[in-house]
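Since the structure comes first, as structure tokens, the remarks are kept for the end.
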Amino acid sequence: MCKTVIVAALEREVGPLIKNWKRLRREHEGRTFNFFEHDNKVLICGGIGAESARRATEAAIALFNPTLIKSVGFAGALDPTLRVGDAFSPSLILDARDGSRIPLEGREGTLITFMEVAGVAQKAKLAQAYGARAVDMESAAVASAAAAHGLSFTATKVISDEFDFEIPGMAAFITTEGQFRTSSFVLFTAVRPWLWNRVAILARNSAQAARALTANLKSELDFTTKLHNKDQLSGAEARK
């Protein structure tokens with residue numbers, strides 16, 4: 001029985017975590033999804049953006065019947081004190097589309113879900129308007145799907161780009177299905193030498209963020225598994 005469904009955007013965010021997990025291909029509502037399974041946990045990489053995240057979450061709920069949904073992945077810093085690799089678990093998620101608010105217990109700070117890749121100017125506007133510490137493109141959609149099914153929800157994000165880092169024109173390479181066209185982006189940057197340094201920094205930051213996210217998630221998931229095993233043991237003793 002699956003207890004926890006983890007929803008990420010792209011495999012590169014969670015690659016170190018899932019390298020030894022079992023890969024599954026399952027269909028839901030005419031779409032094929034890749035899942036990664038380990039013990040009582042299932043992870044799905046649903047793609048970039050709110051709609052992709054919503055579809056992936058709905059598929060995972062329908063196919064695996066979890067009790068907890070967890071949104072994980074990269075985020076951009078709106079707080080200038082946050083650095084690449086810093087983990088962030090918000091107490092409030094804001095949806096920039098409609099201003100809806102999703103409070104979470106036992107956490108700290110605000111994460112805002114925005115519909116576009118946020119550059120430096122947009123980060124400054126979001127920070128001023130909402131007082132959020134970080135921005136992503138998926139968490140509010142995952143949280144909304146979890147709430148619609150009455151499921152518990154948490155979020156863990158790791159900073160991949162700092163407040164003053166300008167992401168080099170990546171938005172144009174995100175497909176309508178939420179996938180990133182890496183080969184097209186490489187060709188685009190190959191003939192634009194002025195982008196090479198920023199792309200190299202971005203790649204290095206992404207690798208650092210993926211390692212930090214894996215370390216954080218392993219700690220969290222080990223703790224969750226211990227609680228689950230303790231509950232099972234208590235239940236078995238109570239039935240004696």
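Identifiers in this document derive from the order of the structure tokens: chains are assigned A, B, ..., residues are numbered from 1 separately in each chain, and ligands are numbered from 1 in order of occurrence.
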Q: Can you list, as a ChimeraX atom specification, all residues belonging to range 53-191 of chain A that DSSP tags as strand (DSSP E or B)?
A: /A:68-77,87-88,92-95,101-103,110-113,134-136,152-161,174,180
Q) Could you write out, as a PyMOL selection string, all the residues of chain A that DSSP marks as helix (DSSP H, G or I)? A) chain A and resi 11-18+50-64+120-130+139-148+171-173+182-190+193-239
**Q.** Residues near Thr57 in chain A, cut-off 8 Å, only C-alpha atoms, skip fewer than 2 positions along chain, as number ranges by chain
**A.** A: 7, 46, 53-55, 59-61, 142, 145-146
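The spacing separating CA of Leu92 in chain A from CA of Asp79 in chain A amounts to 15.0 Å.
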Would you mind listing, for every residue of range 118-141 of chain A within 9 Å of range 159-165 of chain A, the two atoms forming the shortest contact and the distance between them in Å to one decimal, using only C-alpha atoms, sorted by chain and ascending residue number, as CSV?
```
residue,atom,partner,partner_atom,distance
A:Gly119,CA,A:Phe165,CA,7.6
A:Val120,CA,A:Asp164,CA,5.7
A:Ala121,CA,A:Asp164,CA,8.9
A:Lys123,CA,A:Phe163,CA,6.8
A:Ala124,CA,A:Phe163,CA,7.9
A:Ala134,CA,A:Ile159,CA,7.9
```
Q: List the neighbours of Arg198 in chain A out to 10 Å using only C-alpha atoms; skip same-chain residues closer than 6 positions along the sequence, and give me the result as an MDAnalysis selection string.
A: chainID A and resid 165:168 204
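From CA of Asn34 in chain A back to CA of Ala118 in chain A, the distance works out to 27.3 Å.
Atom to atom, CA of Glu138 in chain A and CA of Thr156 in chain A stand 11.7 Å apart.
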